[in-house]
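Q: Structure: target-v5.txt, compact mmCIF, N, CA and C atoms.
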# COMPACT_ATOMS: atom_id res chain seq x y z
N MET A 1 7.00 -17.13 19.69
CA MET A 1 8.03 -16.34 19.04
C MET A 1 9.29 -17.13 18.68
N PRO A 2 9.62 -18.20 19.38
CA PRO A 2 10.83 -18.93 18.97
C PRO A 2 10.80 -19.37 17.51
N PHE A 3 9.63 -19.84 17.04
CA PHE A 3 9.53 -20.27 15.64
C PHE A 3 9.73 -19.09 14.69
N ILE A 4 9.12 -17.96 15.00
CA ILE A 4 9.28 -16.78 14.15
C ILE A 4 10.74 -16.31 14.18
N HIS A 5 11.37 -16.31 15.35
CA HIS A 5 12.78 -15.94 15.44
C HIS A 5 13.63 -16.83 14.54
N GLU A 6 13.36 -18.14 14.57
CA GLU A 6 14.11 -19.07 13.74
C GLU A 6 13.88 -18.80 12.25
N CYS A 7 12.63 -18.55 11.86
CA CYS A 7 12.33 -18.25 10.45
C CYS A 7 12.97 -16.94 10.02
N VAL A 8 12.92 -15.93 10.86
CA VAL A 8 13.53 -14.64 10.53
C VAL A 8 15.03 -14.84 10.29
N ARG A 9 15.68 -15.63 11.13
CA ARG A 9 17.11 -15.92 10.95
C ARG A 9 17.33 -16.70 9.65
N ARG A 10 16.56 -17.74 9.44
CA ARG A 10 16.72 -18.62 8.27
C ARG A 10 16.44 -17.88 6.96
N PHE A 11 15.42 -17.01 6.96
CA PHE A 11 15.05 -16.29 5.74
C PHE A 11 15.87 -15.00 5.57
N ARG A 12 16.74 -14.70 6.55
CA ARG A 12 17.58 -13.50 6.55
C ARG A 12 16.72 -12.23 6.48
N LEU A 13 15.74 -12.16 7.38
CA LEU A 13 14.87 -10.99 7.49
C LEU A 13 15.38 -10.08 8.60
N ASP A 14 14.79 -8.91 8.71
CA ASP A 14 15.15 -7.93 9.73
C ASP A 14 14.82 -8.47 11.12
N ASN A 15 15.85 -8.71 11.93
CA ASN A 15 15.63 -9.27 13.26
C ASN A 15 15.70 -8.22 14.36
N GLU A 16 15.70 -6.97 13.98
CA GLU A 16 15.82 -5.88 14.95
C GLU A 16 14.51 -5.69 15.72
N SER A 17 14.59 -5.69 17.04
CA SER A 17 13.46 -5.38 17.93
C SER A 17 12.22 -6.22 17.63
N LEU A 18 12.38 -7.51 17.54
CA LEU A 18 11.24 -8.39 17.30
C LEU A 18 10.32 -8.36 18.52
N ASP A 19 9.06 -8.05 18.30
CA ASP A 19 8.08 -7.93 19.37
C ASP A 19 6.82 -8.68 18.96
N THR A 20 6.37 -9.58 19.79
CA THR A 20 5.18 -10.39 19.50
C THR A 20 3.99 -9.54 19.08
N GLU A 21 3.81 -8.40 19.71
CA GLU A 21 2.65 -7.54 19.43
C GLU A 21 2.64 -6.99 18.01
N GLN A 22 3.79 -6.98 17.33
CA GLN A 22 3.89 -6.42 15.99
C GLN A 22 3.51 -7.42 14.90
N PHE A 23 3.38 -8.69 15.24
CA PHE A 23 3.20 -9.75 14.24
C PHE A 23 1.77 -10.20 14.08
N MET A 24 1.44 -10.61 12.87
CA MET A 24 0.24 -11.38 12.60
C MET A 24 0.71 -12.69 11.98
N THR A 25 -0.05 -13.74 12.20
CA THR A 25 0.35 -15.05 11.69
C THR A 25 -0.81 -15.72 10.97
N VAL A 26 -0.45 -16.62 10.09
CA VAL A 26 -1.41 -17.53 9.45
C VAL A 26 -1.04 -18.92 9.97
N ARG A 27 -2.04 -19.62 10.46
CA ARG A 27 -1.79 -20.94 11.04
C ARG A 27 -2.59 -22.01 10.31
N GLN A 28 -2.02 -23.19 10.32
CA GLN A 28 -2.71 -24.36 9.78
C GLN A 28 -2.49 -25.49 10.78
N GLY A 29 -3.56 -26.04 11.30
CA GLY A 29 -3.43 -27.10 12.29
C GLY A 29 -2.66 -26.66 13.52
N GLY A 30 -2.78 -25.39 13.87
CA GLY A 30 -2.09 -24.86 15.05
C GLY A 30 -0.65 -24.45 14.80
N GLU A 31 -0.12 -24.73 13.63
CA GLU A 31 1.27 -24.39 13.29
C GLU A 31 1.32 -23.10 12.47
N ILE A 32 2.28 -22.25 12.76
CA ILE A 32 2.48 -21.03 11.97
C ILE A 32 3.03 -21.42 10.61
N ILE A 33 2.36 -20.95 9.55
CA ILE A 33 2.85 -21.24 8.20
C ILE A 33 3.22 -19.97 7.44
N ALA A 34 2.79 -18.80 7.96
CA ALA A 34 3.13 -17.52 7.34
C ALA A 34 3.01 -16.44 8.41
N PHE A 35 3.74 -15.34 8.20
CA PHE A 35 3.71 -14.26 9.18
C PHE A 35 4.18 -12.96 8.55
N GLY A 36 3.93 -11.88 9.24
CA GLY A 36 4.42 -10.56 8.84
C GLY A 36 4.25 -9.62 10.01
N ARG A 37 4.83 -8.44 9.89
CA ARG A 37 4.77 -7.50 11.01
C ARG A 37 4.63 -6.08 10.53
N ILE A 38 4.12 -5.24 11.41
CA ILE A 38 4.15 -3.79 11.23
C ILE A 38 5.13 -3.29 12.27
N LYS A 39 6.26 -2.79 11.81
CA LYS A 39 7.35 -2.36 12.70
C LYS A 39 7.31 -0.85 12.88
N PRO A 40 7.16 -0.38 14.12
CA PRO A 40 7.15 1.07 14.36
C PRO A 40 8.57 1.61 14.52
N TYR A 41 8.73 2.83 14.07
CA TYR A 41 9.96 3.61 14.29
C TYR A 41 9.50 4.92 14.92
N GLY A 42 9.34 4.94 16.22
CA GLY A 42 8.80 6.13 16.87
C GLY A 42 7.29 6.16 16.73
N ASP A 43 6.73 7.38 16.72
CA ASP A 43 5.28 7.52 16.72
C ASP A 43 4.64 7.71 15.36
N ASP A 44 5.43 8.00 14.32
CA ASP A 44 4.80 8.34 13.05
C ASP A 44 5.37 7.65 11.83
N VAL A 45 6.33 6.76 12.01
CA VAL A 45 6.91 6.02 10.88
C VAL A 45 6.76 4.53 11.17
N TYR A 46 6.25 3.81 10.16
CA TYR A 46 6.03 2.37 10.28
C TYR A 46 6.52 1.69 9.02
N GLU A 47 6.85 0.41 9.17
CA GLU A 47 7.31 -0.38 8.03
C GLU A 47 6.60 -1.73 8.03
N LEU A 48 6.18 -2.17 6.88
CA LEU A 48 5.68 -3.52 6.71
C LEU A 48 6.93 -4.39 6.58
N GLY A 49 7.05 -5.40 7.42
CA GLY A 49 8.29 -6.17 7.37
C GLY A 49 8.13 -7.61 7.78
N CYS A 50 9.24 -8.32 7.66
CA CYS A 50 9.33 -9.72 8.09
C CYS A 50 8.22 -10.58 7.52
N VAL A 51 7.90 -10.39 6.26
CA VAL A 51 6.90 -11.25 5.63
C VAL A 51 7.60 -12.55 5.27
N GLY A 52 7.07 -13.65 5.81
CA GLY A 52 7.68 -14.94 5.54
C GLY A 52 6.65 -16.05 5.44
N VAL A 53 6.94 -17.01 4.60
CA VAL A 53 6.10 -18.20 4.44
C VAL A 53 7.03 -19.40 4.53
N VAL A 54 6.67 -20.38 5.35
CA VAL A 54 7.52 -21.56 5.47
C VAL A 54 7.64 -22.22 4.10
N GLU A 55 8.80 -22.80 3.87
CA GLU A 55 9.16 -23.28 2.54
C GLU A 55 8.11 -24.20 1.92
N GLU A 56 7.61 -25.16 2.69
CA GLU A 56 6.68 -26.15 2.12
C GLU A 56 5.29 -25.58 1.82
N GLN A 57 5.02 -24.34 2.24
CA GLN A 57 3.72 -23.70 1.99
C GLN A 57 3.79 -22.60 0.93
N ARG A 58 4.93 -22.38 0.36
CA ARG A 58 5.09 -21.30 -0.63
C ARG A 58 4.37 -21.63 -1.93
N GLY A 59 4.02 -20.55 -2.66
CA GLY A 59 3.35 -20.72 -3.94
C GLY A 59 1.84 -20.86 -3.83
N ARG A 60 1.28 -20.65 -2.63
CA ARG A 60 -0.16 -20.78 -2.41
C ARG A 60 -0.84 -19.44 -2.17
N GLY A 61 -0.09 -18.34 -2.29
CA GLY A 61 -0.68 -17.02 -2.09
C GLY A 61 -0.71 -16.54 -0.65
N LEU A 62 -0.04 -17.25 0.24
CA LEU A 62 -0.05 -16.86 1.65
C LEU A 62 0.70 -15.56 1.90
N GLY A 63 1.80 -15.34 1.20
CA GLY A 63 2.54 -14.09 1.34
C GLY A 63 1.67 -12.91 0.92
N ARG A 64 0.98 -13.05 -0.18
CA ARG A 64 0.06 -12.01 -0.65
C ARG A 64 -1.02 -11.76 0.39
N LEU A 65 -1.58 -12.81 0.96
CA LEU A 65 -2.60 -12.70 1.99
C LEU A 65 -2.08 -11.91 3.19
N VAL A 66 -0.89 -12.24 3.64
CA VAL A 66 -0.28 -11.53 4.78
C VAL A 66 -0.08 -10.06 4.45
N VAL A 67 0.49 -9.77 3.28
CA VAL A 67 0.74 -8.38 2.89
C VAL A 67 -0.57 -7.61 2.80
N GLN A 68 -1.59 -8.18 2.18
CA GLN A 68 -2.87 -7.49 2.06
C GLN A 68 -3.50 -7.21 3.42
N GLU A 69 -3.41 -8.15 4.33
CA GLU A 69 -3.96 -7.94 5.67
C GLU A 69 -3.18 -6.86 6.41
N LEU A 70 -1.87 -6.87 6.30
CA LEU A 70 -1.06 -5.85 6.97
C LEU A 70 -1.33 -4.47 6.38
N ILE A 71 -1.54 -4.38 5.07
CA ILE A 71 -1.87 -3.10 4.44
C ILE A 71 -3.16 -2.56 5.05
N GLU A 72 -4.14 -3.41 5.23
CA GLU A 72 -5.41 -2.96 5.82
C GLU A 72 -5.25 -2.51 7.26
N ARG A 73 -4.33 -3.11 7.99
CA ARG A 73 -4.10 -2.76 9.40
C ARG A 73 -3.14 -1.59 9.58
N PHE A 74 -2.49 -1.18 8.52
CA PHE A 74 -1.41 -0.19 8.63
C PHE A 74 -1.93 1.12 9.19
N PRO A 75 -1.17 1.74 10.11
CA PRO A 75 -1.64 2.96 10.77
C PRO A 75 -1.51 4.23 9.94
N THR A 76 -0.88 4.17 8.78
CA THR A 76 -0.76 5.34 7.90
C THR A 76 -1.15 4.92 6.48
N ASP A 77 -1.46 5.91 5.63
CA ASP A 77 -1.85 5.61 4.25
C ASP A 77 -0.67 5.21 3.37
N ALA A 78 0.53 5.69 3.71
CA ALA A 78 1.73 5.29 2.98
C ALA A 78 2.32 4.07 3.68
N VAL A 79 2.29 2.94 2.98
CA VAL A 79 2.79 1.67 3.52
C VAL A 79 4.18 1.44 2.95
N TYR A 80 5.19 1.52 3.79
CA TYR A 80 6.58 1.37 3.34
C TYR A 80 7.09 -0.04 3.58
N VAL A 81 7.97 -0.48 2.68
CA VAL A 81 8.67 -1.75 2.84
C VAL A 81 10.09 -1.55 2.32
N THR A 82 11.05 -2.17 2.98
CA THR A 82 12.42 -2.21 2.47
C THR A 82 12.67 -3.65 2.04
N THR A 83 13.09 -3.83 0.80
CA THR A 83 13.15 -5.19 0.25
C THR A 83 14.13 -5.30 -0.91
N ASP A 84 14.54 -6.52 -1.17
CA ASP A 84 15.28 -6.82 -2.40
C ASP A 84 14.38 -7.61 -3.36
N LEU A 85 13.14 -7.83 -2.96
CA LEU A 85 12.17 -8.58 -3.79
C LEU A 85 11.23 -7.61 -4.50
N THR A 86 11.82 -6.73 -5.31
CA THR A 86 11.03 -5.67 -5.93
C THR A 86 9.95 -6.21 -6.87
N GLU A 87 10.23 -7.25 -7.63
CA GLU A 87 9.23 -7.80 -8.55
C GLU A 87 8.02 -8.32 -7.79
N TYR A 88 8.25 -8.96 -6.67
CA TYR A 88 7.15 -9.49 -5.86
C TYR A 88 6.26 -8.36 -5.37
N PHE A 89 6.87 -7.31 -4.80
CA PHE A 89 6.08 -6.21 -4.26
C PHE A 89 5.48 -5.34 -5.37
N ASP A 90 6.12 -5.28 -6.55
CA ASP A 90 5.50 -4.61 -7.71
C ASP A 90 4.14 -5.23 -8.00
N LYS A 91 4.07 -6.55 -7.99
CA LYS A 91 2.82 -7.27 -8.29
C LYS A 91 1.74 -6.98 -7.26
N LEU A 92 2.14 -6.56 -6.07
CA LEU A 92 1.18 -6.27 -5.00
C LEU A 92 0.80 -4.80 -4.94
N GLY A 93 1.31 -4.00 -5.91
CA GLY A 93 0.92 -2.59 -5.99
C GLY A 93 1.90 -1.61 -5.38
N PHE A 94 3.05 -2.08 -4.93
CA PHE A 94 4.08 -1.19 -4.39
C PHE A 94 4.90 -0.60 -5.52
N THR A 95 5.43 0.59 -5.32
CA THR A 95 6.33 1.21 -6.29
C THR A 95 7.62 1.62 -5.57
N ARG A 96 8.69 1.55 -6.32
CA ARG A 96 9.99 1.94 -5.76
C ARG A 96 10.00 3.44 -5.49
N THR A 97 10.63 3.83 -4.37
CA THR A 97 10.72 5.24 -4.02
C THR A 97 12.08 5.56 -3.42
N ASP A 98 12.56 6.75 -3.73
CA ASP A 98 13.78 7.25 -3.10
C ASP A 98 13.42 8.21 -1.97
N SER A 99 12.13 8.43 -1.77
CA SER A 99 11.64 9.36 -0.76
C SER A 99 11.09 8.56 0.42
N LEU A 100 12.01 8.07 1.24
CA LEU A 100 11.65 7.29 2.42
C LEU A 100 11.78 8.12 3.68
N PRO A 101 11.02 7.81 4.71
CA PRO A 101 11.27 8.45 6.00
C PRO A 101 12.70 8.14 6.46
N ARG A 102 13.28 9.07 7.16
CA ARG A 102 14.68 8.95 7.58
C ARG A 102 15.02 7.61 8.27
N PRO A 103 14.19 7.11 9.20
CA PRO A 103 14.56 5.83 9.83
C PRO A 103 14.70 4.68 8.84
N LEU A 104 13.93 4.70 7.76
CA LEU A 104 14.02 3.62 6.78
C LEU A 104 15.24 3.79 5.89
N THR A 105 15.57 5.03 5.57
CA THR A 105 16.81 5.28 4.82
C THR A 105 18.01 4.81 5.63
N GLU A 106 18.01 5.14 6.91
CA GLU A 106 19.10 4.72 7.79
C GLU A 106 19.14 3.20 7.92
N LYS A 107 17.99 2.57 7.97
CA LYS A 107 17.95 1.11 8.05
C LYS A 107 18.62 0.50 6.82
N ILE A 108 18.29 0.99 5.64
CA ILE A 108 18.90 0.46 4.42
C ILE A 108 20.41 0.65 4.46
N GLU A 109 20.85 1.83 4.87
CA GLU A 109 22.29 2.12 4.90
C GLU A 109 23.03 1.29 5.94
N ASN A 110 22.42 1.07 7.11
CA ASN A 110 23.14 0.48 8.24
C ASN A 110 22.84 -0.98 8.51
N VAL A 111 21.68 -1.46 8.09
CA VAL A 111 21.27 -2.81 8.46
C VAL A 111 21.10 -3.72 7.25
N CYS A 112 20.35 -3.26 6.27
CA CYS A 112 19.92 -4.14 5.18
C CYS A 112 21.07 -4.73 4.39
N ASP A 113 22.07 -3.93 4.08
CA ASP A 113 23.16 -4.45 3.26
C ASP A 113 23.94 -5.55 3.96
N LYS A 114 23.79 -5.64 5.30
CA LYS A 114 24.43 -6.75 6.03
C LYS A 114 23.61 -8.03 5.87
N LEU A 115 22.31 -7.89 5.65
CA LEU A 115 21.43 -9.05 5.49
C LEU A 115 21.33 -9.48 4.03
N ARG A 116 21.14 -8.52 3.14
CA ARG A 116 20.93 -8.79 1.71
C ARG A 116 21.48 -7.62 0.92
N SER A 117 21.86 -7.87 -0.31
CA SER A 117 22.30 -6.76 -1.16
C SER A 117 21.13 -6.32 -2.04
N GLY A 118 21.19 -5.09 -2.52
CA GLY A 118 20.17 -4.59 -3.43
C GLY A 118 18.87 -4.20 -2.78
N VAL A 119 18.87 -3.91 -1.49
CA VAL A 119 17.64 -3.53 -0.80
C VAL A 119 17.27 -2.10 -1.17
N VAL A 120 15.99 -1.90 -1.48
CA VAL A 120 15.46 -0.58 -1.84
C VAL A 120 14.19 -0.32 -1.03
N GLY A 121 13.75 0.92 -1.06
CA GLY A 121 12.50 1.29 -0.42
C GLY A 121 11.37 1.27 -1.44
N MET A 122 10.21 0.79 -0.99
CA MET A 122 9.03 0.78 -1.83
C MET A 122 7.86 1.29 -0.99
N VAL A 123 6.84 1.81 -1.68
CA VAL A 123 5.68 2.35 -0.97
C VAL A 123 4.41 1.92 -1.68
N TYR A 124 3.38 1.72 -0.90
CA TYR A 124 2.04 1.42 -1.38
C TYR A 124 1.16 2.53 -0.84
N GLN A 125 0.46 3.22 -1.72
CA GLN A 125 -0.40 4.33 -1.30
C GLN A 125 -1.84 3.84 -1.18
N ARG A 126 -2.29 3.68 0.05
CA ARG A 126 -3.66 3.19 0.26
C ARG A 126 -4.72 4.15 -0.27
N GLN A 127 -4.44 5.45 -0.30
CA GLN A 127 -5.40 6.44 -0.79
C GLN A 127 -5.76 6.14 -2.24
N ARG A 128 -4.80 5.75 -3.03
CA ARG A 128 -5.03 5.47 -4.45
C ARG A 128 -5.75 4.16 -4.66
N SER A 129 -5.66 3.26 -3.69
CA SER A 129 -6.26 1.94 -3.86
C SER A 129 -7.67 1.85 -3.29
N GLY A 130 -8.11 2.92 -2.63
CA GLY A 130 -9.44 2.89 -2.03
C GLY A 130 -9.48 2.29 -0.65
N ILE A 131 -8.31 2.05 -0.03
CA ILE A 131 -8.26 1.45 1.30
C ILE A 131 -7.90 2.50 2.35
N ALA A 132 -7.96 3.76 2.03
CA ALA A 132 -7.52 4.81 2.96
C ALA A 132 -8.30 4.75 4.26
N ARG A 133 -7.64 5.14 5.32
CA ARG A 133 -8.24 5.19 6.66
C ARG A 133 -9.01 6.46 6.82
Represent the structure from my file as structure tokens, please.

A:
Amino acid sequence: MPFIHECVRRFRLDNESLDTEQFMTVRQGGEIIAFGRIKPYGDDVYELGCVGVVEEQRGRGLGRLVVQELIERFPTDAVYVTTDLTEYFDKLGFTRTDSLPRPLTEKIENVCDKLRSGVVGMVYQRQRSGIAR
């Protein structure tokens, strides 16, 4: 986790309640080169978050790989993300939404603007993509 903590700080990602059990990683030669998490907010709200790829490994599709794997593992059919990288998540099938669960709306209002400006909520509907649980 120290490496992920450092990357989360460096990439200015959500560092709230980082828990090893929430993360998946991609490794090369034993080193973490990409990661992401499914962050719970209580028992029924989850967020796809902290997607990061180390700088020297970017542009190889690792972020897409992490997002796709997390979508498959997601515990609900609506996969939410809060991000300022809307074009990136558009390409992955997410759409912007103003209808977020309350914890994510509160996160944007209270946390995100301190990390990055222009953060919005986006959703990916697994039912429409054929990946429904």

Q: Would you compute the distance between atom N of Gly52 (chain A) and atom C of Pro2 (chain A)? Give it in Å to one decimal.

A: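 Distance reported for this atom pair: 13.5 Å.
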
Q: Going by DSSP on the backbone, which bits of region 70-128 of chain A are alpha helix (DSSP H)? Write them as an mmCIF file with N, CA and C atoms, in the frame of the given file, please.

A:
data_model
loop_
_atom_site.group_PDB
_atom_site.id
_atom_site.type_symbol
_atom_site.label_atom_id
_atom_site.label_comp_id
_atom_site.auth_asym_id
_atom_site.auth_seq_id
_atom_site.Cartn_x
_atom_site.Cartn_y
_atom_site.Cartn_z
ATOM 1 N N LEU A 70 -1.870 -6.870 6.300
ATOM 2 C CA LEU A 70 -1.060 -5.850 6.970
ATOM 3 C C LEU A 70 -1.330 -4.470 6.380
ATOM 4 N N ILE A 71 -1.540 -4.380 5.070
ATOM 5 C CA ILE A 71 -1.870 -3.100 4.440
ATOM 6 C C ILE A 71 -3.160 -2.560 5.050
ATOM 7 N N GLU A 72 -4.140 -3.410 5.230
ATOM 8 C CA GLU A 72 -5.410 -2.960 5.820
ATOM 9 C C GLU A 72 -5.250 -2.510 7.260
ATOM 10 N N ARG A 73 -4.330 -3.110 7.990
ATOM 11 C CA ARG A 73 -4.100 -2.760 9.400
ATOM 12 C C ARG A 73 -3.140 -1.590 9.580
ATOM 13 N N THR A 86 11.820 -6.730 -5.310
ATOM 14 C CA THR A 86 11.030 -5.670 -5.930
ATOM 15 C C THR A 86 9.950 -6.210 -6.870
ATOM 16 N N GLU A 87 10.230 -7.250 -7.630
ATOM 17 C CA GLU A 87 9.230 -7.800 -8.550
ATOM 18 C C GLU A 87 8.020 -8.320 -7.790
ATOM 19 N N TYR A 88 8.250 -8.960 -6.670
ATOM 20 C CA TYR A 88 7.150 -9.490 -5.860
ATOM 21 C C TYR A 88 6.260 -8.360 -5.370
ATOM 22 N N PHE A 89 6.870 -7.310 -4.800
ATOM 23 C CA PHE A 89 6.080 -6.210 -4.260
ATOM 24 C C PHE A 89 5.480 -5.340 -5.370
ATOM 25 N N ASP A 90 6.120 -5.280 -6.550
ATOM 26 C CA ASP A 90 5.500 -4.610 -7.710
ATOM 27 C C ASP A 90 4.140 -5.230 -8.000
ATOM 28 N N LYS A 91 4.070 -6.550 -7.990
ATOM 29 C CA LYS A 91 2.820 -7.270 -8.290
ATOM 30 C C LYS A 91 1.740 -6.980 -7.260
ATOM 31 N N ARG A 102 13.280 9.070 7.160
ATOM 32 C CA ARG A 102 14.680 8.950 7.580
ATOM 33 C C ARG A 102 15.020 7.610 8.270
ATOM 34 N N PRO A 103 14.190 7.110 9.200
ATOM 35 C CA PRO A 103 14.560 5.830 9.830
ATOM 36 C C PRO A 103 14.700 4.680 8.840
ATOM 37 N N LEU A 104 13.930 4.700 7.760
ATOM 38 C CA LEU A 104 14.020 3.620 6.780
ATOM 39 C C LEU A 104 15.240 3.790 5.890
ATOM 40 N N THR A 105 15.570 5.030 5.570
ATOM 41 C CA THR A 105 16.810 5.280 4.820
ATOM 42 C C THR A 105 18.010 4.810 5.630
ATOM 43 N N GLU A 106 18.010 5.140 6.910
ATOM 44 C CA GLU A 106 19.100 4.720 7.790
ATOM 45 C C GLU A 106 19.140 3.200 7.920
ATOM 46 N N LYS A 107 17.990 2.570 7.970
ATOM 47 C CA LYS A 107 17.950 1.110 8.050
ATOM 48 C C LYS A 107 18.620 0.500 6.820
ATOM 49 N N ASP A 113 22.070 -3.930 4.080
ATOM 50 C CA ASP A 113 23.160 -4.450 3.260
ATOM 51 C C ASP A 113 23.940 -5.550 3.960
ATOM 52 N N LYS A 114 23.790 -5.640 5.300
ATOM 53 C CA LYS A 114 24.430 -6.750 6.030
ATOM 54 C C LYS A 114 23.610 -8.030 5.870
ATOM 55 N N LEU A 115 22.310 -7.890 5.650
ATOM 56 C CA LEU A 115 21.430 -9.050 5.490
ATOM 57 C C LEU A 115 21.330 -9.480 4.030
ATOM 58 N N ARG A 126 -2.290 3.680 0.050
ATOM 59 C CA ARG A 126 -3.660 3.190 0.260
ATOM 60 C C ARG A 126 -4.720 4.150 -0.270
ATOM 61 N N GLN A 127 -4.440 5.450 -0.300
ATOM 62 C CA GLN A 127 -5.400 6.440 -0.790
ATOM 63 C C GLN A 127 -5.760 6.140 -2.240
ATOM 64 N N ARG A 128 -4.800 5.750 -3.030
ATOM 65 C CA ARG A 128 -5.030 5.470 -4.450
ATOM 66 C C ARG A 128 -5.750 4.160 -4.660
#

Q: Mind giving me the straight-line distance from CA of Leu13 (chain A) to CA of Arg126 (chain A) in Å, one decimal?

A: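 A separation of 24.4 Å between them.
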
Q: So how far away is CA of Cys7 (chain A) from CA of Tyr88 (chain A), in Å?

A: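 Answer for the CA of Tyr88 (chain A) to CA of Cys7 (chain A) separation: 19.2 Å.
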
Q: Using all atoms listed in the file, can you tell me which of A:Ser99, A:Gln28, A:Thr76, A:Thr82 comes closest to Cys50 (chain A)?

A: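 Going through A:Ser99, A:Gln28, A:Thr76, A:Thr82 one by one, the smallest distance to Cys50 (chain A) is for A:Thr82.
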
Q: Calculated over all atoms listed in the file, which of the candidates A:Arg58, A:Arg37, A:Arg10, A:Arg96 has the smallest distance to Gln22 (chain A)?

A: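 Using all atoms listed in the file, the shortest distance to Gln22 (chain A) belongs to A:Arg37.
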